[in-house]
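Have a look at structure-v3.cif below; it lists mmCIF, C-alpha atoms.
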data_run
#
loop_
_atom_site.group_PDB
_atom_site.id
_atom_site.type_symbol
_atom_site.label_atom_id
_atom_site.label_comp_id
_atom_site.auth_asym_id
_atom_site.auth_seq_id
_atom_site.Cartn_x
_atom_site.Cartn_y
_atom_site.Cartn_z
ATOM 1 C CA MET A 1 122.376 90.269 113.350
ATOM 2 C CA LYS A 2 119.357 90.673 115.592
ATOM 3 C CA ASN A 3 117.131 87.636 115.281
ATOM 4 C CA LYS A 4 114.122 88.477 113.113
ATOM 5 C CA ASN A 5 110.893 86.502 113.172
ATOM 6 C CA ALA A 6 109.112 85.719 109.921
ATOM 7 C CA LEU A 7 105.774 84.068 109.237
ATOM 8 C CA VAL A 8 105.549 82.473 105.800
ATOM 9 C CA THR A 9 101.996 81.647 104.754
ATOM 10 C CA GLY A 10 101.743 78.846 102.233
ATOM 11 C CA GLY A 11 105.199 77.853 103.388
ATOM 12 C CA CYS A 12 104.858 74.190 102.448
ATOM 13 C CA GLY A 13 104.283 74.951 98.762
ATOM 14 C CA PHE A 14 107.068 75.351 96.215
ATOM 15 C CA ILE A 15 107.684 79.100 96.486
ATOM 16 C CA GLY A 16 106.873 79.377 100.184
ATOM 17 C CA SER A 17 109.084 76.485 101.251
ATOM 18 C CA ASN A 18 112.061 77.757 99.258
ATOM 19 C CA LEU A 19 111.537 81.212 100.745
ATOM 20 C CA ALA A 20 111.251 79.785 104.273
ATOM 21 C CA GLU A 21 114.456 77.814 103.817
ATOM 22 C CA LYS A 22 116.338 80.867 102.503
ATOM 23 C CA LEU A 23 115.068 83.065 105.341
ATOM 24 C CA SER A 24 116.166 80.450 107.860
ATOM 25 C CA ASP A 25 119.594 80.255 106.224
ATOM 26 C CA GLU A 26 119.821 84.060 106.535
ATOM 27 C CA GLY A 27 119.241 83.932 110.300
ATOM 28 C CA PHE A 28 115.508 84.462 110.539
ATOM 29 C CA LYS A 29 113.424 82.495 113.010
ATOM 30 C CA VAL A 30 110.824 81.106 110.594
ATOM 31 C CA THR A 31 107.299 79.915 111.240
ATOM 32 C CA VAL A 32 105.312 78.422 108.390
ATOM 33 C CA VAL A 33 101.533 78.184 108.283
ATOM 34 C CA ASP A 34 99.970 76.046 105.580
ATOM 35 C CA ASN A 35 96.678 74.194 105.225
ATOM 36 C CA MET A 36 98.624 71.477 103.351
ATOM 37 C CA SER A 37 96.328 71.572 100.306
ATOM 38 C CA SER A 38 99.290 72.113 97.959
ATOM 39 C CA ALA A 39 102.209 70.960 100.087
ATOM 40 C CA ARG A 40 105.376 69.839 98.369
ATOM 41 C CA LYS A 41 105.635 66.116 97.758
ATOM 42 C CA ASP A 42 108.904 65.818 99.695
ATOM 43 C CA LEU A 43 107.570 67.643 102.776
ATOM 44 C CA ASP A 44 108.984 65.055 105.209
ATOM 45 C CA GLU A 45 112.454 65.511 103.723
ATOM 46 C CA PHE A 46 112.047 69.307 103.804
ATOM 47 C CA MET A 47 111.036 69.166 107.486
ATOM 48 C CA LYS A 48 114.018 66.976 108.406
ATOM 49 C CA ARG A 49 116.402 69.280 106.546
ATOM 50 C CA ASN A 50 114.855 72.344 108.211
ATOM 51 C CA SER A 51 114.049 71.184 111.727
ATOM 52 C CA ASP A 52 114.457 74.746 113.018
ATOM 53 C CA ILE A 53 111.430 75.905 110.985
ATOM 54 C CA GLU A 54 108.161 75.675 112.907
ATOM 55 C CA ILE A 55 105.334 74.336 110.742
ATOM 56 C CA ILE A 56 101.710 74.969 111.691
ATOM 57 C CA PRO A 57 99.152 72.957 109.691
ATOM 58 C CA ALA A 58 96.332 75.518 109.690
ATOM 59 C CA CYS A 59 94.671 78.299 107.723
ATOM 60 C CA PHE A 60 96.722 81.502 107.556
ATOM 61 C CA SER A 61 93.822 83.493 109.050
ATOM 62 C CA SER A 62 93.078 81.049 111.858
ATOM 63 C CA ASP A 63 92.536 82.290 115.410
ATOM 64 C CA GLN A 64 95.824 80.599 116.333
ATOM 65 C CA ILE A 65 97.762 82.776 113.870
ATOM 66 C CA LEU A 66 95.819 85.942 114.712
ATOM 67 C CA SER A 67 96.516 85.372 118.409
ATOM 68 C CA ARG A 68 100.245 85.093 117.737
ATOM 69 C CA LEU A 69 100.099 88.267 115.652
ATOM 70 C CA SER A 70 98.416 90.130 118.513
ATOM 71 C CA LYS A 71 101.331 89.063 120.736
ATOM 72 C CA LYS A 72 103.743 90.588 118.187
ATOM 73 C CA GLU A 73 105.523 87.269 117.626
ATOM 74 C CA PHE A 74 106.433 88.093 114.020
ATOM 75 C CA ASP A 75 108.327 90.975 112.472
ATOM 76 C CA PHE A 76 107.573 90.116 108.853
ATOM 77 C CA ILE A 77 104.722 88.318 107.105
ATOM 78 C CA PHE A 78 105.479 86.777 103.719
ATOM 79 C CA HIS A 79 101.984 86.039 102.418
ATOM 80 C CA ASN A 80 102.271 83.349 99.740
ATOM 81 C CA ALA A 81 99.175 81.296 100.573
ATOM 82 C CA ALA A 82 96.386 81.259 97.988
ATOM 83 C CA VAL A 83 94.180 79.008 95.936
ATOM 84 C CA PRO A 84 96.373 79.405 92.858
ATOM 85 C CA ARG A 85 94.683 77.684 89.943
ATOM 86 C CA VAL A 86 93.048 80.042 87.447
ATOM 87 C CA SER A 87 90.700 77.330 86.164
ATOM 88 C CA TYR A 88 89.613 76.487 89.725
ATOM 89 C CA SER A 89 88.874 80.176 90.381
ATOM 90 C CA VAL A 90 86.703 80.275 87.248
ATOM 91 C CA GLU A 91 84.757 77.223 88.465
ATOM 92 C CA ASN A 92 84.602 78.438 92.099
ATOM 93 C CA PRO A 93 84.726 82.241 92.167
ATOM 94 C CA ALA A 94 82.968 82.705 95.526
ATOM 95 C CA LEU A 95 85.030 80.090 97.342
ATOM 96 C CA THR A 96 88.355 81.321 95.974
ATOM 97 C CA THR A 97 87.436 84.953 96.659
ATOM 98 C CA ASP A 98 86.630 84.038 100.261
ATOM 99 C CA ILE A 99 89.986 82.330 100.713
ATOM 100 C CA ASN A 100 92.181 84.619 98.641
ATOM 101 C CA VAL A 101 90.625 87.996 99.479
ATOM 102 C CA SER A 102 88.495 87.799 102.627
ATOM 103 C CA LYS A 103 90.910 85.666 104.624
ATOM 104 C CA THR A 104 93.813 87.835 103.479
ATOM 105 C CA ALA A 105 91.914 90.908 104.723
ATOM 106 C CA ARG A 106 91.463 89.148 108.076
ATOM 107 C CA LEU A 107 95.192 88.360 108.212
ATOM 108 C CA MET A 108 96.109 91.930 107.311
ATOM 109 C CA GLU A 109 93.762 93.317 109.940
ATOM 110 C CA GLY A 110 95.538 91.157 112.516
ATOM 111 C CA CYS A 111 98.849 92.622 111.385
ATOM 112 C CA ILE A 112 97.906 96.264 112.031
ATOM 113 C CA GLY A 113 100.321 97.608 114.623
ATOM 114 C CA ASN A 114 101.791 94.159 115.220
ATOM 115 C CA ILE A 115 104.410 93.633 112.497
ATOM 116 C CA LYS A 116 107.120 95.596 110.687
ATOM 117 C CA ARG A 117 106.275 94.654 107.097
ATOM 118 C CA PHE A 118 103.768 92.634 105.064
ATOM 119 C CA ILE A 119 105.114 91.140 101.820
ATOM 120 C CA PHE A 120 102.405 89.919 99.447
ATOM 121 C CA ALA A 121 102.953 87.390 96.653
ATOM 122 C CA SER A 122 100.890 88.810 93.828
ATOM 123 C CA SER A 123 100.920 87.612 90.235
ATOM 124 C CA SER A 124 101.676 88.786 86.724
ATOM 125 C CA SER A 125 98.147 87.621 85.928
ATOM 126 C CA VAL A 126 96.911 91.023 87.163
ATOM 127 C CA TYR A 127 98.101 92.380 83.779
ATOM 128 C CA GLY A 128 95.886 90.018 81.773
ATOM 129 C CA GLY A 129 97.320 89.481 78.324
ATOM 130 C CA ALA A 130 99.891 92.274 78.472
ATOM 131 C CA ASP A 131 101.456 92.983 75.108
ATOM 132 C CA VAL A 132 104.618 94.504 76.623
ATOM 133 C CA LEU A 133 107.278 92.067 77.824
ATOM 134 C CA PRO A 134 108.879 92.454 80.209
ATOM 135 C CA THR A 135 105.829 94.164 81.638
ATOM 136 C CA PRO A 136 106.619 97.354 83.578
ATOM 137 C CA ILE A 137 104.851 98.015 86.866
ATOM 138 C CA SER A 138 103.285 101.101 85.241
ATOM 139 C CA HIS A 139 101.350 98.897 82.796
ATOM 140 C CA ALA A 140 97.598 98.957 83.445
ATOM 141 C CA LYS A 141 96.095 96.030 85.324
ATOM 142 C CA ASP A 142 93.551 94.036 83.321
ATOM 143 C CA PRO A 143 92.701 90.804 85.180
ATOM 144 C CA LYS A 144 91.019 88.122 83.052
ATOM 145 C CA SER A 145 90.040 85.562 85.729
ATOM 146 C CA PRO A 146 88.716 85.560 89.289
ATOM 147 C CA TYR A 147 92.217 84.562 90.473
ATOM 148 C CA ALA A 148 93.825 87.518 88.678
ATOM 149 C CA TRP A 149 91.148 89.887 90.001
ATOM 150 C CA GLN A 150 91.669 88.522 93.533
ATOM 151 C CA LYS A 151 95.407 89.248 93.365
ATOM 152 C CA SER A 152 94.669 92.717 91.973
ATOM 153 C CA ALA A 153 92.055 93.388 94.663
ATOM 154 C CA ILE A 154 94.489 92.444 97.427
ATOM 155 C CA GLU A 155 97.087 94.805 95.958
ATOM 156 C CA ASP A 156 94.470 97.573 96.077
ATOM 157 C CA LEU A 157 93.464 96.645 99.624
ATOM 158 C CA ILE A 158 97.114 96.782 100.673
ATOM 159 C CA ASP A 159 97.290 100.327 99.296
ATOM 160 C CA VAL A 160 94.237 101.268 101.381
ATOM 161 C CA PHE A 161 95.718 99.668 104.516
ATOM 162 C CA CYS A 162 98.964 101.573 103.956
ATOM 163 C CA GLN A 163 97.040 104.867 103.783
ATOM 164 C CA LEU A 164 94.733 104.198 106.735
ATOM 165 C CA TYR A 165 96.793 102.233 109.229
ATOM 166 C CA GLU A 166 100.473 103.125 108.767
ATOM 167 C CA PHE A 167 100.757 99.623 107.355
ATOM 168 C CA ASP A 168 104.136 98.899 105.737
ATOM 169 C CA ALA A 169 103.598 96.513 102.854
ATOM 170 C CA ILE A 170 104.726 95.619 99.377
ATOM 171 C CA SER A 171 103.240 93.489 96.615
ATOM 172 C CA LEU A 172 105.569 91.401 94.475
ATOM 173 C CA ARG A 173 104.166 90.310 91.108
ATOM 174 C CA TYR A 174 105.611 86.907 90.363
ATOM 175 C CA PHE A 175 105.984 85.807 86.742
ATOM 176 C CA ASN A 176 106.241 82.223 85.537
#

Target format structure tokens, applied to this file:
Amino acid sequence: MKNKNALVTGGCGFIGSNLAEKLSDEGFKVTVVDNMSSARKDLDEFMKRNSDIEIIPACFSSDQILSRLSKKEFDFIFHNAAVPRVSYSVENPALTTDINVSKTARLMEGCIGNIKRFIFASSSSVYGGADVLPTPISHAKDPKSPYAWQKSAIEDLIDVFCQLYEFDAISLRYFN
């Protein structure tokens, strides 16, 4: 298999680190970027077990990451990074919107023409209190918090990027 390069944002959190490890096991060259605000408690053990995974302690939209994107160093971006707590987004809507939406837009802009595919970790929270379980993708979005709206807004922005920039992307709505 041709070596594929993947950037996993939020790759030191629970979902991101498990994804990074699986990608590495499948033959991907994996780079993780994480600001370490929600890093797993056993990060040292994870790093020892996965010494082939490059870990960059930085923001996913930092100039360092955007520079590497412009050099086409990554084939795939798995965007898992976010400020995830609904209650925190209610208390800090401007801050969380800046991080979750504006910085994601900056990351996506850096990806235009430089990657093969952008995979976004969205959330079932975009459905609000859906009364249909399991909830089909055709169910109307009805976000009930800034966090849910932010995930929904990024999904919509991805659709716009796909139409305007030949941007190949998918949003995955994770359920817990």

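Within a radius of 10 Å around (116.2, 79.6, 109.1), the polymer residues are Lys4, Asn5, Ala6, Leu19, Ala20, Glu21, Lys22, Leu23, Ser24, Asp25, Glu26, Gly27, Phe28, Lys29, Val30, Thr31, Asn50, Ser51, Asp52, Ile53 and Glu54 of chain A, counting all atoms listed in the file.
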
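Among the candidate residues A:Ser152, A:Ser89, A:Thr9, A:Ser17, the one lying nearest to Pro57 in chain A is A:Thr9, with distances computed using all atoms listed in the file.
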
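Applied to this file, the PyMOL selection byres ((chain A and resi 10) around 9) selects the residues Val8, Thr9, Gly11, Cys12, Gly13, Phe14, Ile15, Gly16, Ser17, Val32, Val33, Asp34, Asn35, Met36, Ser38, Ala39, Cys59, Phe60, Phe78, His79, Asn80, Ala81 and Ala82 of chain A.
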
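Between CA of Leu7 in chain A and CA of Lys116 in chain A the interatomic distance comes to 11.7 Å.
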
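Take the candidates A:Phe161, A:Cys111, A:Arg85, A:Gln150 and check each one against Ile65 in chain A using all atoms listed in the file; the shortest distance goes to A:Cys111.
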
What does the structure give for the distance between CA of Asp159 in chain A and CA of Glu91 in chain A, in Å to one decimal? 28.4 Å

Build an axis-aligned box that encloses every atom of range 101-115 of chain A listed in the file, pad it by 3 Å on each side, and report its centre and edge lengths in Å to one decimal, as lines of an AutoDock Vina configuration file.
center_x = 96.5
center_y = 91.6
center_z = 107.3
size_x = 21.9
size_y = 17.9
size_z = 21.7

CA of Asp168 in chain A to CA of Trp149 in chain A measures 22.3 Å

Name the residues captured by the PyMOL selection byres ((chain A and resi 135) around 12) when it is applied to the shown file; answer as a short mmCIF file (atom, residue, chain, number, x, y, z; two decimals) with C-alpha atoms, keeping the file's coordinate frame.
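Contents of selection.cif, freshly written:
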data_model
loop_
_atom_site.label_atom_id
_atom_site.label_comp_id
_atom_site.auth_asym_id
_atom_site.auth_seq_id
_atom_site.Cartn_x
_atom_site.Cartn_y
_atom_site.Cartn_z
CA SER A 123 100.92 87.61 90.24
CA SER A 124 101.68 88.79 86.72
CA SER A 125 98.15 87.62 85.93
CA VAL A 126 96.91 91.02 87.16
CA TYR A 127 98.10 92.38 83.78
CA GLY A 128 95.89 90.02 81.77
CA GLY A 129 97.32 89.48 78.32
CA ALA A 130 99.89 92.27 78.47
CA ASP A 131 101.46 92.98 75.11
CA VAL A 132 104.62 94.50 76.62
CA LEU A 133 107.28 92.07 77.82
CA PRO A 134 108.88 92.45 80.21
CA PRO A 136 106.62 97.35 83.58
CA ILE A 137 104.85 98.02 86.87
CA SER A 138 103.28 101.10 85.24
CA HIS A 139 101.35 98.90 82.80
CA ALA A 140 97.60 98.96 83.44
CA LYS A 141 96.10 96.03 85.32
CA ARG A 173 104.17 90.31 91.11
CA TYR A 174 105.61 86.91 90.36
CA PHE A 175 105.98 85.81 86.74
#

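Distances from A:Leu69, A:Ile55, A:Ala148, A:Ile158 to Pro93 in chain A were compared using only C-alpha atoms, and the smallest one belongs to A:Ala148.
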
Considering all atoms listed in the file, return as a PyMOL selection string whatever protein or nucleic-acid residues lie within 12 Å of Ala153 in chain A, sequence-local ones (same chain, fewer than 6 positions apart) excluded. chain A and resi 97+100-102+104-105+120+122-123+126+141-143+146-147+159-160+171

List, as a ChimeraX atom specification, every residue that the PyMOL selection byres ((chain A and resi 72) around 9) selects in the file provided. /A:67-71,73-75,111,113-115

Residues of the last selection are to be written out with C-alpha atoms, as a PDB file, keeping the file's coordinate frame.
ATOM      1  CA  SER A  67      96.516  85.372 118.409  1.00  0.00           C
ATOM      2  CA  ARG A  68     100.245  85.093 117.737  1.00  0.00           C
ATOM      3  CA  LEU A  69     100.099  88.267 115.652  1.00  0.00           C
ATOM      4  CA  SER A  70      98.416  90.130 118.513  1.00  0.00           C
ATOM      5  CA  LYS A  71     101.331  89.063 120.736  1.00  0.00           C
ATOM      6  CA  GLU A  73     105.523  87.269 117.626  1.00  0.00           C
ATOM      7  CA  PHE A  74     106.433  88.093 114.020  1.00  0.00           C
ATOM      8  CA  ASP A  75     108.327  90.975 112.472  1.00  0.00           C
ATOM      9  CA  CYS A 111      98.849  92.622 111.385  1.00  0.00           C
ATOM     10  CA  GLY A 113     100.321  97.608 114.623  1.00  0.00           C
ATOM     11  CA  ASN A 114     101.791  94.159 115.220  1.00  0.00           C
ATOM     12  CA  ILE A 115     104.410  93.633 112.497  1.00  0.00           C
TER      13      ILE A 115
END

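The residue that comes closest to Ala121 in chain A, out of A:Ile99, A:Leu107, A:Ala58, A:Ile154 and on the basis of all atoms listed in the file, is A:Ile154.
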